[in-house]
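In what follows, a single structure is set out as C-alpha cells and then discussed.
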Amino acid sequence: MKFTLSWLKTHLDTDAPLDQITATLTRIGLELEDVDDRGAALAPFRIARVTEATPHPNADRLRVCTVDTGTETVRVVCGAPNARTGMKGVFAPPGTFIPGTGITLKVGEIRGVQSAGMLLSEREMGLGEDHAGIVDLPEDAPVGVPYAQWAGLDDPVIDISVTPNRGDCFAVRGIARDLAAGGIGVLKPWLPARVAPAFRGGPRWQIDWPEACPWILGRTIRNLRNGPSPHWLQDRLTSIGLRPINALVDMTNFFTIDLGRPLHVFDVAKLTGDVLTLRPGRGETFRALNGRDYTATPEDCAIVDAAGVQSMAGVIGGEPTGCDAATTAVFIECALFDPVRVAQTGRRHQVVSDARQRFERGIDPALMPDAVEAATAMVLELCGGEPGEVTEAGTPPTWQRTATLRFERIPGLGGSDISADEAVASLERLGFAVQSRDATRVTVSVPPWRNDVAAEVALEQAETLDPAIAAKAAEGCAAIEPECDLIEEVLRLRGLDAIPPVSLPRASPVPLATLSPKQVRTELVRRTLAAQGLAECVTFSFMAQAEAALFGDTPEALRLTNPIAADLDQLRPTPIATLALAAQRNAARGYADVALFEIGPEYALAAAENQRWIAAGLRAGATPRNWLAAQRPVDAMDAKADLWAAMSAIGVPLDALMLTQDAPGFYHPGRSATVRQGPKTLLGSFGELHPRVLAALDLAGPVVAFQLDLDAIGEPKRRRKAAPDLPPFQLVRRDFAFLVDSEVTADAVLRAARGADRTLIASASLFDVYQGDRLPAGKKSLAIEVTFQPRERTLTDAEIETASQKVVAAVTKATGAALR
C-alpha cells in the first residue's frame, strides 16, 4: 500500500517528522516496506538567479557567474554552455553532497578564479541523465526557495505491507486512523455533505444473485464534461504508480486509495437498456479495461445490460462501457460484493486489480452512502453536470457486532501490564464504542470498517463428533476469538516491540526428536546415494503426457486442466521419468555420463495411496574414469549396487529379499528385476531402461535406474538393546560350485543354501559365475561361499562334512543343481 506524506496529512492532523511516523507504523503492526524521499537528497539545493555571466579570463569554455541565492550573492565558475545573465537555476552551496557525482562541494579556485558553489544539471541532482547544460527554470521560479519544495519533490512516498486481515488499511484514511490511535496526531473528521438530486431517472439495479452482491448503490450524473483531471489529482495518482486517464476514472481510483472504497463508472450512452443486472455468468465473453477478453463462468458474478456482460463484479470493468472524453452522462457504481467469490473470480481469470485487492479482504459496508455522496461532489467539481437520485438494490447487511474483553486476559495471554483504563482508551481511539464495563471486563461494539474483529469463524469439525461437544466447541470459539482480537489491538497500540519475549515451557529436560523415523530413513538414503557418487536433483512432479506414458499409466484424473506449461500437464508415474529427462538435457549439452538421484513423490491411481515417496536414481553412459579400474558402460548391477547400498543404510535385511522378473515395462525385460520382501511387499526395482524408452527420449544409452519405495519400508520394531552377539568359537568357510540350468537364478541357490541349517549357517554369498564351452549347453556354474558359525563348541571335521552335505542337498532339491 503506497501513499504520500501529504496525502496522509489530508486525514491526519500532525506535525510529527517522517522518521517518527514510519517508526510508529511498524510499531503498531503496519510494517514499513520502503520510503522514497527524493526531497531529502535535494534539501540543500535552492533556486537562484544568475545576475551576471562573463567569460572566464583564463579559459575559453568557462564562465564566471554572479549568483543571487536569495540570502547572499556568490561567485560560481560554470562550464555549462547555457549559463547566461538573467537565467534561473538550481544552486548548491559549499559543503553539500552532490548525489549525481558522489562528491561534497567545497570552495576552490578554477583557473585562478574562486568558485563558491555550483549550478546543477539534472544528472548532478540525480533526477535524470541530462547533463548538456544546467537546469534552466522558468522566470516565475521564486529565488531562495528550496528547489525540491518548488518542484513538488519533497513529498515522500511511503510503502507499507498490509496483512490479509487488515483490509481497512488499504485506505489512506484507515492508516491515518491507526496512526492517530497510536499517538501520532489527530484524525480529521470526514463527513461529506448530501448532494440533492436534480432529476429522477437513469439506469437502475437488479440483483439476481444476492449471495454474491447483497447490496448495491448507483447514481447518474448527466450534462457533464469529462477531461483531464486537475494537477493535484494527477500528482497524487502518479506518485503511487497509477496512470492518470481522465477525471471520471481518476476519481474512482482516488477513492479506492483514499477511502478503500472501490467505485466504477459506466458511460450511460454506451449502456443498452436502463437495467443493470447482477447475475452468474453464462459463458459470455467481454473485453475488459485492460484490453483482454474474459469469459464469465457460472461461478463469476457479472454485471450485464441488455447487450450482455459489461463488468466482472468486484474485479474489473468492461471496455465498451468505459468513460472517455466524449462521455456526457455517467452512472456511478458503489457495491458490496462477497469477498470469497471476488477472490475466486480473480484467481480463476488471473486478474489482479486494486478493487479486487480490497473487496476480497472486506470493505466497510456503512461507508457506501457517504462514498456515493463524496464521489458525486468530486464529479460535480471536476466535470460539472446534474446529479440524479441515488438508486439501490438489495438490503444493507447486518454488520453490527460486539466483543468482550476480560482484563485479566491481557497479562495472561499478552504478557503485558496494560491497565484496564489504558486498554479501553486504546480501543476507543480505534473506533470501538463501549457498550458496558465493570471491574473485570468491557464489552465494545465493533466499527464497520474492522471486518477482522469478531468475525464469523468457520470450524471444520469432524462429522463423527458428538453434536453436544461440537456445539460447545463452537460456542467457546465464538467467545474466545473476539476477545483475542481485542487483546491484539490493545497490545499493538502499546507497541509490538513492547511485548516481552517469553520462552515456551520445555516439554521435557531432553529435547524431543525433531524428525520422525521415516524422515530419518529418508535422510540416510539421501546421504548414502550421494556417497555412491550420485548428484541429487529436484525436478518437477509434472511432465508431458506423451513422455509420462513411456513410464506408466497416465490416467485423466492425474492430468492437469490448467498446467503452468503445455509440456507439464501430467503427474509423473515415477521419479525415474523426470530423471531420464534430466539425463536427456545433459546429453544434449555434451554431458552424456551422468549419475543422478531424487527423493520425491510418484503418482498412480492403482496404488493404495495415490502418492508414494520414492528414492530413485539413474546412471547413464559410462562409469567415471579412475586409475584403479578401467572405464566401462554402466549396467544393471550398478543400479542394483546403489539400491542395495540405500536399503542397507536403513536396515533392510538384505538376506530376506527376493528378486522377481516382473519389473515395470519401462525396464529392459531381460536386464531388470523387482525387489520384494516376501511375496506381497514390493520394495523397489532396478535394471536397464527399455530400448524403446531410450529411442523415444533420444538417449544413446546404456541407461540404468532404480527406485526404492520408502513408504513400503515398515517402522523398525523397538527392541531393548542387548549385548552384541560375539560367538567365541572359530567360524568355518566352505566353497561350493554348482552346475545349474541357465535360467536358475543365483538368488535361488543362495536362499536354498542359507535355509539348509539356519542355526549353523551365518551367511552365503556368490563369488563366481561361469558360462562357456567347457560346460554342457544350457548350463552355468555358480560358486558360493557358505560361512558356518558354531555357538556351542568348535566344529569337528565330521560335523563340517555333515553341514556341507546339508547345503548340497538343499540346493539340489530347490534348484536341481549338481555339485561340480
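In the C-alpha cells, chains take the letters A, B, ... in the order shown, each chain's residues start at 1, and ligands count up from 1 in the order shown.
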Considering only C-alpha atoms, return as a PyMOL selection string whatever protein or nucleic-acid residues lie within 8 Å of Cys537 (chain A), sequence-local ones (same chain, fewer than 2 positions apart) excluded.
-> chain A and resi 535+539+579+596-598
As a ChimeraX atom specification, list the residues of region 325-393 of chain A assigned to helix (DSSP H, G or I) by DSSP on the backbone atoms of this structure.
-> /A:339-349,354-359,365-383
Prev. selection, N, CA and C atoms, output as a compact mmCIF listing (two decimals), in the first residue's frame:
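Once everything was written out, this is out_16.txt:
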# COMPACT_ATOMS: atom_id res chain seq x y z
N PRO A 339 -16.63 -11.34 -0.51
CA PRO A 339 -15.17 -11.40 -0.63
C PRO A 339 -14.66 -12.71 -1.23
N VAL A 340 -15.26 -13.83 -0.83
CA VAL A 340 -14.77 -15.13 -1.32
C VAL A 340 -14.98 -15.26 -2.82
N ARG A 341 -16.15 -14.87 -3.29
CA ARG A 341 -16.42 -15.00 -4.73
C ARG A 341 -15.55 -14.05 -5.55
N VAL A 342 -15.28 -12.87 -5.03
CA VAL A 342 -14.39 -11.95 -5.74
C VAL A 342 -12.98 -12.55 -5.84
N ALA A 343 -12.50 -13.11 -4.72
CA ALA A 343 -11.17 -13.71 -4.73
C ALA A 343 -11.10 -14.89 -5.70
N GLN A 344 -12.14 -15.72 -5.71
CA GLN A 344 -12.13 -16.88 -6.61
C GLN A 344 -12.19 -16.45 -8.07
N THR A 345 -12.99 -15.43 -8.37
CA THR A 345 -13.05 -14.93 -9.75
C THR A 345 -11.71 -14.37 -10.18
N GLY A 346 -11.08 -13.57 -9.31
CA GLY A 346 -9.78 -13.01 -9.65
C GLY A 346 -8.74 -14.07 -9.90
N ARG A 347 -8.72 -15.10 -9.07
CA ARG A 347 -7.74 -16.17 -9.26
C ARG A 347 -8.06 -16.98 -10.51
N ARG A 348 -9.35 -17.20 -10.75
CA ARG A 348 -9.74 -18.02 -11.90
C ARG A 348 -9.30 -17.37 -13.20
N HIS A 349 -9.45 -16.06 -13.29
CA HIS A 349 -9.12 -15.35 -14.52
C HIS A 349 -7.75 -14.67 -14.46
N ASP A 354 -6.73 -3.24 -8.02
CA ASP A 354 -6.90 -2.58 -6.73
C ASP A 354 -8.27 -2.87 -6.14
N ALA A 355 -9.29 -2.95 -6.99
CA ALA A 355 -10.64 -3.24 -6.49
C ALA A 355 -10.70 -4.64 -5.90
N ARG A 356 -10.18 -5.61 -6.61
CA ARG A 356 -10.19 -6.99 -6.09
C ARG A 356 -9.43 -7.07 -4.78
N GLN A 357 -8.30 -6.41 -4.71
CA GLN A 357 -7.46 -6.45 -3.51
C GLN A 357 -8.24 -6.01 -2.28
N ARG A 358 -9.15 -5.06 -2.45
CA ARG A 358 -9.91 -4.55 -1.31
C ARG A 358 -11.19 -5.36 -1.07
N PHE A 359 -11.89 -5.73 -2.13
CA PHE A 359 -13.13 -6.48 -1.94
C PHE A 359 -12.87 -7.84 -1.30
N PRO A 365 -19.12 -1.67 4.96
CA PRO A 365 -20.46 -1.56 4.34
C PRO A 365 -21.17 -0.27 4.71
N ALA A 366 -20.84 0.30 5.86
CA ALA A 366 -21.53 1.53 6.28
C ALA A 366 -21.02 2.75 5.52
N LEU A 367 -19.91 2.63 4.83
CA LEU A 367 -19.33 3.76 4.11
C LEU A 367 -20.02 4.03 2.77
N MET A 368 -20.78 3.07 2.27
CA MET A 368 -21.27 3.16 0.90
C MET A 368 -22.10 4.41 0.62
N PRO A 369 -23.10 4.79 1.42
CA PRO A 369 -23.86 6.02 1.10
C PRO A 369 -22.97 7.26 1.09
N ASP A 370 -22.06 7.37 2.08
CA ASP A 370 -21.17 8.54 2.11
C ASP A 370 -20.22 8.54 0.92
N ALA A 371 -19.77 7.35 0.50
CA ALA A 371 -18.86 7.28 -0.65
C ALA A 371 -19.56 7.76 -1.92
N VAL A 372 -20.82 7.43 -2.08
CA VAL A 372 -21.56 7.90 -3.26
C VAL A 372 -21.68 9.42 -3.24
N GLU A 373 -21.95 9.98 -2.07
CA GLU A 373 -22.07 11.43 -1.97
C GLU A 373 -20.72 12.10 -2.25
N ALA A 374 -19.64 11.55 -1.70
CA ALA A 374 -18.32 12.15 -1.93
C ALA A 374 -17.93 12.05 -3.41
N ALA A 375 -18.22 10.92 -4.03
CA ALA A 375 -17.90 10.78 -5.45
C ALA A 375 -18.73 11.74 -6.29
N THR A 376 -20.00 11.92 -5.92
CA THR A 376 -20.85 12.86 -6.65
C THR A 376 -20.30 14.27 -6.56
N ALA A 377 -19.90 14.66 -5.35
CA ALA A 377 -19.36 16.01 -5.17
C ALA A 377 -18.10 16.23 -5.99
N MET A 378 -17.22 15.23 -6.07
CA MET A 378 -16.00 15.38 -6.84
C MET A 378 -16.29 15.45 -8.33
N VAL A 379 -17.23 14.63 -8.82
CA VAL A 379 -17.58 14.69 -10.24
C VAL A 379 -18.14 16.06 -10.58
N LEU A 380 -19.00 16.59 -9.74
CA LEU A 380 -19.56 17.92 -10.00
C LEU A 380 -18.47 18.99 -9.98
N GLU A 381 -17.49 18.84 -9.09
CA GLU A 381 -16.40 19.81 -9.01
C GLU A 381 -15.50 19.75 -10.23
N LEU A 382 -15.21 18.53 -10.69
CA LEU A 382 -14.25 18.37 -11.79
C LEU A 382 -14.90 18.48 -13.16
N CYS A 383 -16.15 17.99 -13.27
CA CYS A 383 -16.77 17.88 -14.60
C CYS A 383 -18.08 18.63 -14.72
Å distance separating CA of Lys640 (chain A) from CA of Ala592 (chain A), one decimal place | 20.7 Å
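Proximity to Leu689 (chain A) was assessed for A:Leu605, A:Leu819, A:Ala329, A:Leu550 counting only C-alpha atoms; the smallest distance is recorded for A:Leu550.
The protein and nucleic acid residues lying at most 10 Å from Gly665 (chain A) are Leu550, Phe551, Gly552, Asp662, Ala663, Tyr667, His668, Pro669, Ser672, Leu689, His690 and Val693 of chain A, with only C-alpha atoms considered and sequence neighbours fewer than 2 positions away removed.
With distances restricted to only C-alpha atoms, A:Gly617 is the closest residue to Leu529 (chain A) from A:Gly772, A:Gly133, A:Pro189, A:Gly617.
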Spatial neighbours of Ile158 (chain A), 7 Å, only C-alpha atoms, chain gap at least 4 places, as a list in words | Lys2, Phe3, Thr4, Asp34, Val35 and Asp36 of chain A
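What separates CA of Pro728 (chain A) from CA of Arg758 (chain A) is a distance of 18.4 Å.
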Residues of region 293-326 of chain A in strand (DSSP E) according to DSSP, as a PyMOL selection string?
-> chain A and resi 293-295+301-305+308-312+316-317
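As for CA of Thr812 (chain A) and CA of Asp741 (chain A), they are spaced 11.6 Å apart.
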Restricting to only C-alpha atoms, whichever of A:Arg589, A:Lys188, A:Arg61, A:Arg75 is closest to Asp13 (chain A) is A:Lys188
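Comparing A:Phe729, A:Phe286, A:Phe736, A:Phe686 by their smallest distance to Val811 (chain A), the closest is A:Phe736 (using only C-alpha atoms).
Among the candidates A:Val76, A:Ala752, A:Leu512, A:Leu289, the one nearest to Glu109 (chain A) when counting only C-alpha atoms is A:Val76.
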